[in-house]
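Chemist: Got a file for you: structure-v4.pdb, PDB, C-alpha atoms.
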```pdb
ATOM      1  CA  LEU I   1      -2.440   5.286  36.607
ATOM      2  CA  GLU I   2      -4.982   7.620  38.204
ATOM      3  CA  GLY I   3      -2.021   9.447  39.756
ATOM      4  CA  MET I   4      -1.622  11.033  36.306
ATOM      5  CA  LEU I   5      -4.874  12.966  36.743
ATOM      6  CA  LYS I   6      -3.152  15.685  38.754
ATOM      7  CA  TYR I   7      -0.889  16.395  35.760
ATOM      8  CA  GLU I   8      -3.557  16.534  33.040
ATOM      9  CA  ASN I   9      -3.409  20.364  32.876
ATOM     10  CA  ASP I  10       0.351  20.631  33.434
ATOM     11  CA  PRO I  11       1.860  22.288  30.291
ATOM     12  CA  LYS I  12       5.194  20.461  30.739
ATOM     13  CA  ILE I  13       3.544  17.026  30.967
ATOM     14  CA  GLN I  14       1.175  17.846  28.095
ATOM     15  CA  ASN I  15       4.156  18.799  25.949
ATOM     16  CA  ARG I  16       5.974  15.577  26.855
ATOM     17  CA  TYR I  17       2.837  13.640  25.941
ATOM     18  CA  LYS I  18       2.686  15.433  22.598
ATOM     19  CA  GLU I  19       6.364  14.602  21.920
ATOM     20  CA  MET I  20       5.804  10.910  22.687
ATOM     21  CA  LYS I  21       2.694  10.776  20.486
ATOM     22  CA  LEU I  22       4.516  12.484  17.607
ATOM     23  CA  ALA I  23       7.403   9.989  17.897
ATOM     24  CA  ARG I  24       4.977   7.053  17.662
ATOM     25  CA  LYS I  25       3.131   8.662  14.727
ATOM     26  CA  THR I  26       6.403   9.263  12.893
ATOM     27  CA  GLU I  27       7.400   5.637  13.431
ATOM     28  CA  LEU I  28       4.047   4.374  12.094
ATOM     29  CA  ALA I  29       4.179   6.760   9.121
ATOM     30  CA  ASN I  30       7.622   5.368   8.231
ATOM     31  CA  ILE I  31       6.360   1.768   8.455
ATOM     32  CA  ILE I  32       3.341   2.529   6.226
ATOM     33  CA  TYR I  33       5.505   4.370   3.701
ATOM     34  CA  HIS I  34       8.012   1.508   3.610
ATOM     35  CA  ASN I  35       5.293  -1.156   3.255
ATOM     36  CA  GLN I  36       2.801   0.563   0.959
ATOM     37  CA  GLY I  37       4.345   3.767  -0.394
ATOM     38  CA  VAL I  38       1.679   6.015   1.169
ATOM     39  CA  LYS I  39       3.169   9.108   2.788
ATOM     40  CA  LEU I  40       1.322  10.251   5.933
ATOM     41  CA  ASP I  41       2.037  13.541   7.686
ATOM     42  CA  PRO I  42       2.798  12.826  11.380
ATOM     43  CA  ASN I  43       1.354  16.264  12.214
ATOM     44  CA  SER I  44      -2.023  15.259  10.778
ATOM     45  CA  ILE I  45      -4.769  13.713  12.919
ATOM     46  CA  PHE I  46      -4.271   9.926  12.899
ATOM     47  CA  ASP I  47      -7.858   8.695  12.885
ATOM     48  CA  VAL I  48      -7.787   4.914  13.268
ATOM     49  CA  GLN I  49     -10.258   2.048  12.899
ATOM     50  CA  VAL I  50      -8.635  -1.363  13.230
ATOM     51  CA  LYS I  51     -10.684  -4.481  14.012
ATOM     52  CA  ARG I  52     -12.347  -7.435  12.287
ATOM     53  CA  LEU I  53     -14.228  -6.334   9.199
ATOM     54  CA  HIS I  54     -17.943  -6.767   9.723
ATOM     55  CA  GLU I  55     -21.003  -4.845   8.574
ATOM     56  CA  TYR I  56     -22.111  -4.031  12.142
ATOM     57  CA  LYS I  57     -18.692  -2.502  12.919
ATOM     58  CA  ARG I  58     -19.478  -0.053  10.101
ATOM     59  CA  GLN I  59     -16.137   0.439   8.392
ATOM     60  CA  LEU I  60     -18.417   1.226   5.442
ATOM     61  CA  MET I  61     -19.937   4.226   7.233
ATOM     62  CA  LYS I  62     -16.498   5.683   7.845
ATOM     63  CA  ALA I  63     -15.546   5.099   4.193
ATOM     64  CA  LEU I  64     -18.670   6.902   2.949
ATOM     65  CA  GLY I  65     -18.027   9.685   5.464
ATOM     66  CA  ILE I  66     -14.515  10.171   4.084
ATOM     67  CA  MET I  67     -16.033  10.471   0.594
ATOM     68  CA  ALA I  68     -18.380  13.195   1.894
ATOM     69  CA  ILE I  69     -15.431  15.054   3.473
ATOM     70  CA  TYR I  70     -13.440  14.759   0.233
ATOM     71  CA  ASN I  71     -16.385  16.140  -1.780
ATOM     72  CA  ARG I  72     -16.658  19.060   0.636
ATOM     73  CA  LEU I  73     -12.933  19.822   0.494
ATOM     74  CA  LYS I  74     -13.262  20.000  -3.300
ATOM     75  CA  THR I  75     -16.137  22.494  -3.246
ATOM     76  CA  ASP I  76     -16.156  24.433   0.050
ATOM     77  CA  GLU I  77     -13.241  26.859   0.360
ATOM     78  CA  GLU I  78     -14.096  27.915   3.937
ATOM     79  CA  PHE I  79     -14.243  24.287   5.084
ATOM     80  CA  LYS I  80     -10.930  23.621   3.351
ATOM     81  CA  LYS I  81      -9.267  26.523   5.202
ATOM     82  CA  SER I  82     -10.473  25.332   8.616
ATOM     83  CA  TYR I  83      -9.798  21.610   8.067
ATOM     84  CA  HIS I  84      -6.884  20.187  10.021
ATOM     85  CA  PRO I  85      -5.048  17.538   7.931
ATOM     86  CA  HIS I  86      -6.354  14.022   8.545
ATOM     87  CA  SER I  87      -4.879  10.580   7.968
ATOM     88  CA  TYR I  88      -7.607   7.939   8.044
ATOM     89  CA  ILE I  89      -6.104   4.546   8.839
ATOM     90  CA  PHE I  90      -8.007   1.274   8.467
ATOM     91  CA  GLY I  91      -6.848  -2.215   9.330
ATOM     92  CA  ALA I  92      -8.982  -5.354   9.191
ATOM     93  CA  LYS I  93      -9.318  -8.906   8.031
ATOM     94  CA  ALA I  94     -12.499 -10.391   6.611
ATOM     95  CA  ALA I  95     -13.544 -14.018   6.947
ATOM     96  CA  PRO I  96     -12.533 -15.940   3.774
ATOM     97  CA  THR I  97     -16.119 -16.413   2.538
ATOM     98  CA  TYR I  98     -17.448 -12.985   3.621
ATOM     99  CA  TYR I  99     -17.986 -11.560   0.145
ATOM    100  CA  TYR I 100     -19.643  -8.265   1.149
ATOM    101  CA  ALA I 101     -16.826  -7.467   3.605
ATOM    102  CA  LYS I 102     -14.303  -7.906   0.802
ATOM    103  CA  LYS I 103     -16.298  -5.462  -1.318
ATOM    104  CA  VAL I 104     -15.958  -2.933   1.527
ATOM    105  CA  ILE I 105     -12.171  -3.479   1.602
ATOM    106  CA  LYS I 106     -12.113  -2.936  -2.157
ATOM    107  CA  LEU I 107     -14.099   0.295  -1.722
ATOM    108  CA  ILE I 108     -11.790   1.642   0.991
ATOM    109  CA  ASN I 109      -8.740   0.973  -1.195
ATOM    110  CA  THR I 110     -10.490   2.556  -4.185
ATOM    111  CA  ILE I 111     -11.260   5.683  -2.124
ATOM    112  CA  ALA I 112      -7.632   5.748  -0.945
ATOM    113  CA  ASP I 113      -6.408   5.593  -4.534
ATOM    114  CA  LYS I 114      -8.666   8.515  -5.495
ATOM    115  CA  VAL I 115      -7.970  10.899  -2.599
ATOM    116  CA  ASN I 116      -4.265  10.140  -2.146
ATOM    117  CA  ASN I 117      -3.587  11.057  -5.773
ATOM    118  CA  ASP I 118      -5.596  14.291  -5.837
ATOM    119  CA  LYS I 119      -3.074  17.149  -5.687
ATOM    120  CA  GLU I 120      -5.790  19.642  -4.704
ATOM    121  CA  THR I 121      -6.559  17.913  -1.407
ATOM    122  CA  ASN I 122      -3.926  15.295  -0.587
ATOM    123  CA  ASP I 123      -2.053  17.612   1.753
ATOM    124  CA  LEU I 124      -5.241  17.620   3.878
ATOM    125  CA  LEU I 125      -6.641  14.125   3.401
ATOM    126  CA  LYS I 126      -5.004  10.714   3.166
ATOM    127  CA  VAL I 127      -6.480   7.229   3.471
ATOM    128  CA  VAL I 128      -4.661   3.948   3.975
ATOM    129  CA  PHE I 129      -5.832   0.388   4.511
ATOM    130  CA  VAL I 130      -2.832  -1.291   6.140
ATOM    131  CA  GLU I 131      -1.901  -4.679   4.750
ATOM    132  CA  ASP I 132      -1.897  -7.789   6.931
ATOM    133  CA  TYR I 133      -3.172  -6.179  10.126
ATOM    134  CA  ASN I 134      -2.097  -8.314  13.099
ATOM    135  CA  VAL I 135      -0.978  -8.028  16.732
ATOM    136  CA  SER I 136       2.532  -6.852  15.824
ATOM    137  CA  TYR I 137       1.069  -4.121  13.618
ATOM    138  CA  ALA I 138      -1.395  -3.181  16.377
ATOM    139  CA  GLU I 139       1.559  -2.587  18.715
ATOM    140  CA  LYS I 140       2.708   0.157  16.311
ATOM    141  CA  ILE I 141      -0.734   1.524  15.418
ATOM    142  CA  MET I 142      -2.348   1.890  18.835
ATOM    143  CA  PRO I 143       0.296   4.149  20.432
ATOM    144  CA  ALA I 144       0.206   6.325  17.263
ATOM    145  CA  ALA I 145      -3.564   6.907  17.189
ATOM    146  CA  ASP I 146      -5.032  10.315  17.975
ATOM    147  CA  VAL I 147      -8.605   9.143  17.414
ATOM    148  CA  SER I 148     -10.019   5.687  18.138
ATOM    149  CA  GLU I 149     -13.040   4.949  15.938
ATOM    150  CA  GLN I 150     -15.479   2.640  17.760
ATOM    151  CA  ILE I 151     -18.557   3.157  15.624
ATOM    152  CA  SER I 152     -20.453  -0.138  15.645
ATOM    153  CA  THR I 153     -24.247   0.003  15.483
ATOM    154  CA  ALA I 154     -25.392   0.438  19.097
ATOM    155  CA  SER I 155     -26.534  -2.886  20.667
ATOM    156  CA  LYS I 156     -24.456  -5.046  18.265
ATOM    157  CA  GLU I 157     -21.004  -5.069  19.916
ATOM    158  CA  ALA I 158     -20.647  -7.376  22.922
ATOM    159  CA  SER I 159     -17.365  -5.894  24.112
ATOM    160  CA  GLY I 160     -14.241  -5.349  22.087
ATOM    161  CA  THR I 161     -10.913  -4.693  23.800
ATOM    162  CA  GLY I 162      -9.271  -2.565  21.094
ATOM    163  CA  ASN I 163     -11.014   0.545  22.410
ATOM    164  CA  MET I 164      -9.386  -0.046  25.823
ATOM    165  CA  LYS I 165      -5.904  -0.312  24.283
ATOM    166  CA  PHE I 166      -6.403   2.903  22.326
ATOM    167  CA  MET I 167      -7.682   4.663  25.460
ATOM    168  CA  MET I 168      -4.627   3.496  27.419
ATOM    169  CA  ASN I 169      -2.419   5.051  24.731
ATOM    170  CA  GLY I 170      -4.165   8.423  25.000
ATOM    171  CA  ALA I 171      -6.384   8.213  21.911
ATOM    172  CA  ILE I 172      -9.722  10.004  22.068
ATOM    173  CA  THR I 173     -12.651   7.635  21.490
ATOM    174  CA  LEU I 174     -15.066   8.682  18.769
ATOM    175  CA  GLY I 175     -17.885   6.219  19.151
ATOM    176  CA  THR I 176     -21.412   5.076  19.690
ATOM    177  CA  LEU I 177     -22.674   4.048  23.129
ATOM    178  CA  ASP I 178     -22.027   0.369  22.470
ATOM    179  CA  GLY I 179     -19.914  -2.394  24.002
ATOM    180  CA  ALA I 180     -17.095  -1.227  26.275
ATOM    181  CA  ASN I 181     -17.574   2.357  25.021
ATOM    182  CA  VAL I 182     -20.329   2.543  27.654
ATOM    183  CA  GLU I 183     -17.812   1.739  30.405
ATOM    184  CA  ILE I 184     -15.227   4.123  28.944
ATOM    185  CA  ASN I 185     -17.888   6.832  28.928
ATOM    186  CA  GLU I 186     -18.715   6.136  32.585
ATOM    187  CA  LEU I 187     -15.011   6.445  33.452
ATOM    188  CA  VAL I 188     -13.989   9.556  31.496
ATOM    189  CA  GLY I 189     -17.327  11.338  31.004
ATOM    190  CA  ASP I 190     -18.781  13.054  27.940
ATOM    191  CA  ASP I 191     -16.090  15.759  28.108
ATOM    192  CA  ASN I 192     -13.236  13.366  27.345
ATOM    193  CA  MET I 193     -14.616  11.433  24.376
ATOM    194  CA  VAL I 194     -16.871  12.151  21.391
ATOM    195  CA  ILE I 195     -20.140  10.193  21.478
ATOM    196  CA  PHE I 196     -22.553  10.243  18.542
ATOM    197  CA  GLY I 197     -25.377   8.377  16.888
ATOM    198  CA  LEU I 198     -28.310   6.139  17.652
ATOM    199  CA  THR I 199     -28.542   4.567  21.098
ATOM    200  CA  ALA I 200     -29.261   0.863  21.647
ATOM    201  CA  ASP I 201     -32.884   1.696  22.541
ATOM    202  CA  MET I 202     -33.346   3.671  19.329
ATOM    203  CA  VAL I 203     -31.880   0.833  17.255
ATOM    204  CA  THR I 204     -34.150  -1.725  18.954
ATOM    205  CA  ALA I 205     -37.209   0.479  18.398
ATOM    206  CA  LEU I 206     -36.408   0.777  14.679
ATOM    207  CA  GLU I 207     -35.770  -2.963  14.359
ATOM    208  CA  ASN I 208     -39.072  -3.773  16.080
ATOM    209  CA  ASN I 209     -40.983  -1.529  13.649
ATOM    210  CA  PRO I 210     -39.611  -2.492  10.235
ATOM    211  CA  GLY I 211     -41.684   0.067   8.326
ATOM    212  CA  ARG I 212     -40.425   3.007  10.378
ATOM    213  CA  TYR I 213     -37.001   3.249   8.802
ATOM    214  CA  ARG I 214     -36.822   3.850   5.062
ATOM    215  CA  PRO I 215     -33.193   4.454   4.029
ATOM    216  CA  ALA I 216     -34.447   5.312   0.529
ATOM    217  CA  ASP I 217     -35.984   8.481   2.032
ATOM    218  CA  ILE I 218     -32.566   9.586   3.273
ATOM    219  CA  TYR I 219     -31.030   8.835  -0.136
ATOM    220  CA  GLU I 220     -33.711  10.849  -1.927
ATOM    221  CA  ASN I 221     -33.705  13.851   0.426
ATOM    222  CA  ASP I 222     -30.134  14.255   1.676
ATOM    223  CA  LEU I 223     -27.983  15.746  -1.085
ATOM    224  CA  VAL I 224     -24.666  14.928   0.629
ATOM    225  CA  ILE I 225     -25.558  11.249   1.059
ATOM    226  CA  LYS I 226     -27.141  11.023  -2.403
ATOM    227  CA  GLU I 227     -23.963  12.342  -4.025
ATOM    228  CA  VAL I 228     -21.779   9.852  -2.138
ATOM    229  CA  LEU I 229     -23.977   6.855  -3.006
ATOM    230  CA  ASP I 230     -24.289   7.917  -6.636
ATOM    231  CA  GLN I 231     -20.495   8.133  -6.869
ATOM    232  CA  LEU I 232     -20.376   4.401  -6.167
ATOM    233  CA  THR I 233     -21.912   3.674  -9.577
ATOM    234  CA  ASN I 234     -21.527   6.737 -11.836
ATOM    235  CA  GLY I 235     -17.919   6.408 -12.989
ATOM    236  CA  PHE I 236     -16.484   8.633 -10.230
ATOM    237  CA  PHE I 237     -14.028   5.847  -9.402
ATOM    238  CA  ASN I 238     -11.815   4.134 -11.924
ATOM    239  CA  VAL I 239     -13.585   0.766 -11.569
ATOM    240  CA  PRO I 240     -16.354  -1.034 -13.520
ATOM    241  CA  PHE I 241     -19.737   0.719 -13.078
ATOM    242  CA  ASP I 242     -21.290  -2.206 -11.214
ATOM    243  CA  GLU I 243     -18.293  -2.817  -8.880
ATOM    244  CA  PHE I 244     -20.047  -1.252  -5.882
ATOM    245  CA  LYS I 245     -23.644  -1.557  -7.112
ATOM    246  CA  GLU I 246     -24.641  -4.063  -4.423
ATOM    247  CA  ILE I 247     -23.229  -1.837  -1.648
ATOM    248  CA  LYS I 248     -25.323   1.055  -2.921
ATOM    249  CA  GLU I 249     -28.467  -1.045  -3.280
ATOM    250  CA  SER I 250     -28.106  -2.775   0.093
ATOM    251  CA  LEU I 251     -27.857   0.649   1.769
ATOM    252  CA  ILE I 252     -30.816   2.186  -0.056
ATOM    253  CA  TYR I 253     -33.174  -0.776   0.260
ATOM    254  CA  GLU I 254     -32.115  -2.437   3.514
ATOM    255  CA  ASP I 255     -29.377  -0.700   5.566
ATOM    256  CA  LYS I 256     -29.822  -3.121   8.457
ATOM    257  CA  TYR I 257     -26.972  -1.541  10.431
ATOM    258  CA  PHE I 258     -28.283   2.040  10.036
ATOM    259  CA  VAL I 259     -25.259   3.364   8.164
ATOM    260  CA  LEU I 260     -27.205   6.109   6.369
ATOM    261  CA  LYS I 261     -29.159   6.960   9.522
ATOM    262  CA  ASP I 262     -25.943   7.665  11.479
ATOM    263  CA  LEU I 263     -23.758   9.050   8.691
ATOM    264  CA  ASN I 264     -24.503  12.741   9.292
ATOM    265  CA  ASN I 265     -24.038  12.194  13.033
ATOM    266  CA  TRP I 266     -20.570  10.786  12.269
ATOM    267  CA  LEU I 267     -19.748  13.833  10.132
ATOM    268  CA  VAL I 268     -20.780  16.171  12.985
ATOM    269  CA  ALA I 269     -18.560  14.137  15.355
ATOM    270  CA  GLN I 270     -15.675  14.581  12.886
ATOM    271  CA  ASP I 271     -16.202  18.360  12.980
ATOM    272  CA  GLN I 272     -15.987  18.185  16.786
ATOM    273  CA  ILE I 273     -12.696  16.264  16.565
ATOM    274  CA  ASN I 274     -11.353  18.837  14.107
ATOM    275  CA  THR I 275     -12.161  21.706  16.500
ATOM    276  CA  LEU I 276     -10.878  19.907  19.610
ATOM    277  CA  TYR I 277      -7.562  18.909  18.035
ATOM    278  CA  LYS I 278      -6.728  22.517  17.180
ATOM    279  CA  ASP I 279      -6.958  23.381  20.883
ATOM    280  CA  GLU I 280      -3.746  21.606  21.947
ATOM    281  CA  LYS I 281      -4.128  22.300  25.656
ATOM    282  CA  ARG I 282      -7.608  20.794  25.663
ATOM    283  CA  TRP I 283      -6.632  17.841  23.441
ATOM    284  CA  TYR I 284      -3.700  16.659  25.532
ATOM    285  CA  GLN I 285      -5.670  17.161  28.746
ATOM    286  CA  MET I 286      -8.236  14.737  27.280
ATOM    287  CA  ALA I 287      -5.515  12.325  26.155
ATOM    288  CA  ILE I 288      -3.855  12.230  29.585
ATOM    289  CA  HIS I 289      -7.248  11.863  31.277
ATOM    290  CA  ASN I 290      -8.036   8.822  29.098
ATOM    291  CA  THR I 291      -4.729   7.139  29.949
ATOM    292  CA  ALA I 292      -5.172   7.902  33.650
ATOM    293  CA  LYS I 293      -8.620   6.288  33.712
ATOM    294  CA  SER I 294      -7.697   3.183  31.697
ATOM    295  CA  GLY I 295      -6.411   1.147  34.661
ATOM    296  CA  PHE I 296      -9.973  -0.023  35.305
ATOM    297  CA  PHE I 297      -9.566  -2.408  32.349
ATOM    298  CA  SER I 298      -6.721  -4.381  33.913
ATOM    299  CA  ALA I 299      -7.004  -8.167  33.645
ATOM    300  CA  ASP I 300      -6.571  -8.490  37.443
ATOM    301  CA  ARG I 301      -9.646  -6.392  38.168
ATOM    302  CA  THR I 302     -11.637  -8.177  35.460
ATOM    303  CA  ILE I 303     -10.817 -11.673  36.743
ATOM    304  CA  SER I 304     -11.571 -10.635  40.344
ATOM    305  CA  ASP I 305     -14.984  -9.382  39.196
ATOM    306  CA  TYR I 306     -15.663 -12.622  37.315
ATOM    307  CA  ASN I 307     -14.801 -14.571  40.418
ATOM    308  CA  ARG I 308     -16.929 -12.408  42.694
ATOM    309  CA  ASP I 309     -19.972 -12.441  40.396
ATOM    310  CA  ILE I 310     -19.793 -15.793  38.586
ATOM    311  CA  TRP I 311     -17.260 -18.395  39.717
ATOM    312  CA  HIS I 312     -17.242 -17.866  43.531
ATOM    313  CA  LEU I 313     -13.900 -19.668  43.798
ATOM    314  CA  LYS I 314     -11.737 -19.444  46.884
ATOM    315  CA  GLU I 315      -8.887 -17.022  46.203
ATOM    316  CA  ILE I 316      -5.327 -18.276  46.598
ATOM    317  CA  LYS I 317      -3.258 -15.600  48.320
TER     318      LYS I 317
END
```
Output the structure of this file as structure tokens.

Modeler:
Amino acid sequence: LEGMLKYENDPKIQNRYKEMKLARKTELANIIYHNQGVKLDPNSIFDVQVKRLHEYKRQLMKALGIMAIYNRLKTDEEFKKSYHPHSYIFGAKAAPTYYYAKKVIKLINTIADKVNNDKETNDLLKVVFVEDYNVSYAEKIMPAADVSEQISTASKEASGTGNMKFMMNGAITLGTLDGANVEINELVGDDNMVIFGLTADMVTALENNPGRYRPADIYENDLVIKEVLDQLTNGFFNVPFDEFKEIKESLIYEDKYFVLKDLNNWLVAQDQINTLYKDEKRWYQMAIHNTAKSGFFSADRTISDYNRDIWHLKEIK
């Protein structure tokens, strides 16, 4: 795969890459429209987070970030003019008894209902939580992704493999330095992915000094975050007032996965993605570079490393 590196700045190859990506995005958009009636624009940025639903994976942070972007599109004309259309795609399953995770799914679908039906902004912003996410669906989603969201709280993710599959399909990783993102970063460098947020050391330092992090301070002093959290319980959504009360309170009084602490960092990373995507030459150079460097994650290499470092078995030629 590294043989592709010599073509990463070749306009003809970049254009072919763009055509392939658009074909996959169109196919996914058709599947989503057929299954759920949500119409996505294949020319929009397909920003994807698909994985198990868990608080440390921070689907909630992305959901709150989308609310902040929606609020800004409604009030900031300059931002609206410069914003490239986005389709935010979620897919996840929650464990049957994981009540809080199901609340997050409910919130994401509630946000989707709000933004997808707003005629002022729905040509720029769409949200969909795909139903029954599974391996077959992943085979359609991963080749269609422009952006791979890998935003778990640093130090919490052992090592997922979804980020490797997205990388192989030319998606740009937007992520924290956690799990296999660290290895991806070593392979492609800071120039070919978008890294943001707290590091593992910062997270550990905050966890070891419980009094040092007061999410309530962020809520009280950051107007963007305050507005988003207040919208969870002030009738902004067409749901009972207390539907998302425990999400709001858990963030203000506990926030053990540092969602509020990293939220503005995520929004800055989104601005970076927006700027990068508009520079097609740069974007497809990054995409090709990611694919070219993804061979490192082959199962053969992994098993050989396991054997060398752990099992010390005699190889059968």

Chemist: Can you spell out as a list of chain:residue names the set of residues that the PyMOL selection byres ((chain I and resi 231-243) around 10) selects in the structure I just provided?

Modeler: I:Leu64, I:Met67, I:Lys103, I:Lys106, I:Leu107, I:Thr110, I:Ile111, I:Asp113, I:Lys114, I:Ile225, I:Lys226, I:Glu227, I:Val228, I:Leu229, I:Asp230, I:Phe244, I:Lys245, I:Glu246, I:Ile247, I:Lys248

Chemist: Rounded to one decimal place, report the CA of Tyr257 (chain I)-CA of Gln270 (chain I) distance in Å.

Modeler: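 For CA of Tyr257 (chain I) relative to CA of Gln270 (chain I), the distance reads 19.8 Å.
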
Chemist: What's the separation between CA of Val188 (chain I) and CA of Ser304 (chain I), in Å to one decimal place?

Modeler: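 Interatomic distance here is 22.2 Å.
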
Chemist: When you look at Ser152 (chain I) with a cut-off of 10 Å (counting all atoms listed in the file), what residues show up, excluding the ones that are within fewer than 6 positions of it in the same chain? I need them as a PyMOL selection string.

Modeler: chain I and resi 54-59+61+175-179+197+257-259

Chemist: Can you tell me which residues surround region 159-165 of chain I at a distance of at most 10 Å, considering all atoms listed in the file, apart from same-chain residues fewer than 4 positions away, and format the answer as a PyMOL selection string?

Modeler: chain I and resi 49-51+138-139+142-143+148-150+169-175+178-184+290-291+294-298

Chemist: Go through I:Glu19, I:Lys278, I:Arg52, I:Glu2 one by one, measure the shortest atom-to-atom distance of each to Ala101 (chain I) using all atoms listed in the file, and give the residue with the smallest value.

Modeler: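 Among I:Glu19, I:Lys278, I:Arg52, I:Glu2, it is I:Arg52 that comes nearest to Ala101 (chain I).
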
Chemist: Work out how far CA of Tyr284 (chain I) is from CA of Asn15 (chain I), in Å to one decimal.

Modeler: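 Computing it gives 8.2 Å between the two atoms.
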
Chemist: Can you list, as a ChimeraX atom specification, every protein, DNA or RNA residue that comes within 12 Å of Gln285 (chain I) when you count all atoms listed in the file, leaving out same-chain residues fewer than 6 positions away?

Modeler: /I:4-18,170-172,188,191-193,276-277,279,291-292

Chemist: Kindly export the residues of the current selection with C-alpha atoms, as a short mmCIF file (atom, residue, chain, number, x, y, z; two decimals), in the frame of the given file.

Modeler:
```
data_model
loop_
_atom_site.label_atom_id
_atom_site.label_comp_id
_atom_site.auth_asym_id
_atom_site.auth_seq_id
_atom_site.Cartn_x
_atom_site.Cartn_y
_atom_site.Cartn_z
CA MET I 4 -1.62 11.03 36.31
CA LEU I 5 -4.87 12.97 36.74
CA LYS I 6 -3.15 15.68 38.75
CA TYR I 7 -0.89 16.40 35.76
CA GLU I 8 -3.56 16.53 33.04
CA ASN I 9 -3.41 20.36 32.88
CA ASP I 10 0.35 20.63 33.43
CA PRO I 11 1.86 22.29 30.29
CA LYS I 12 5.19 20.46 30.74
CA ILE I 13 3.54 17.03 30.97
CA GLN I 14 1.18 17.85 28.10
CA ASN I 15 4.16 18.80 25.95
CA ARG I 16 5.97 15.58 26.86
CA TYR I 17 2.84 13.64 25.94
CA LYS I 18 2.69 15.43 22.60
CA GLY I 170 -4.16 8.42 25.00
CA ALA I 171 -6.38 8.21 21.91
CA ILE I 172 -9.72 10.00 22.07
CA VAL I 188 -13.99 9.56 31.50
CA ASP I 191 -16.09 15.76 28.11
CA ASN I 192 -13.24 13.37 27.34
CA MET I 193 -14.62 11.43 24.38
CA LEU I 276 -10.88 19.91 19.61
CA TYR I 277 -7.56 18.91 18.04
CA ASP I 279 -6.96 23.38 20.88
CA THR I 291 -4.73 7.14 29.95
CA ALA I 292 -5.17 7.90 33.65
#
```

Chemist: Contacts of region 26-35 of chain I at 7 Å or less, counting only C-alpha atoms, minus same-chain residues fewer than 3 places along, as a list in words?

Modeler: Leu22, Ala23, Val38, Lys39, Leu40, Pro42, Lys140, Ile141 and Ala144 of chain I

Chemist: Can you list, as a ChimeraX atom specification, every protein, DNA or RNA residue that comes within 9 Å of Leu73 (chain I) when you count all atoms listed in the file, leaving out same-chain residues fewer than 4 positions away?

Modeler: /I:68-69,77-81,83,120-121,124-125

Chemist: Of the candidates I:Leu223, I:Ala112, I:Leu260, I:Val48, which one gets nearest to Val127 (chain I) if we count only C-alpha atoms?

Modeler: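 Between I:Leu223, I:Ala112, I:Leu260, I:Val48, the residue approaching Val127 (chain I) most closely is I:Ala112.
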
Chemist: Restricting the calculation to only C-alpha atoms, which member of I:Glu186, I:Asp271, I:Asp146, I:Asp118 is positioned closest to Met168 (chain I)?

Modeler: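 Looking at the shortest contact to Met168 (chain I), the residue is I:Asp146.
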
Chemist: Using all atoms listed in the file, pick whichever of I:Asp262, I:Asp309, I:Leu53, I:Lys126 has the shortest atom-to-atom distance to Met202 (chain I).

Modeler: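 Checking each candidate against Met202 (chain I), we get I:Asp262 as the closest.
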
Chemist: For a cutoff of 8 Å around the file-coordinate point (-26.9, -0.9, 22.1), which residues qualify once you count only C-alpha atoms? I'd like the result as a ChimeraX atom specification.

Modeler: /I:153-157,177-179,199-201,203-204

Chemist: Hey, can I get the axis-aligned box for region 240-257 of chain I? All listed atoms, 3 Å padding on each side, centre and edge lengths in Å to one decimal, as JSON.

Modeler:
```
{"center_x": -24.8, "center_y": -0.9, "center_z": -1.5, "size_x": 22.8, "size_y": 12.2, "size_z": 30.0}
```

Chemist: Using only C-alpha atoms, which residue out of I:Val135, I:Leu187, I:Ile66, I:Val104 lies closest to Lys293 (chain I)?

Modeler: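 Of I:Val135, I:Leu187, I:Ile66, I:Val104, the one nearest Lys293 (chain I) is I:Leu187, counting only C-alpha atoms.
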
Chemist: Counting only C-alpha atoms, which residue out of I:Asp255, I:Val194, I:Gly91, I:Thr75 sits closest to Pro210 (chain I)?

Modeler: I:Asp255
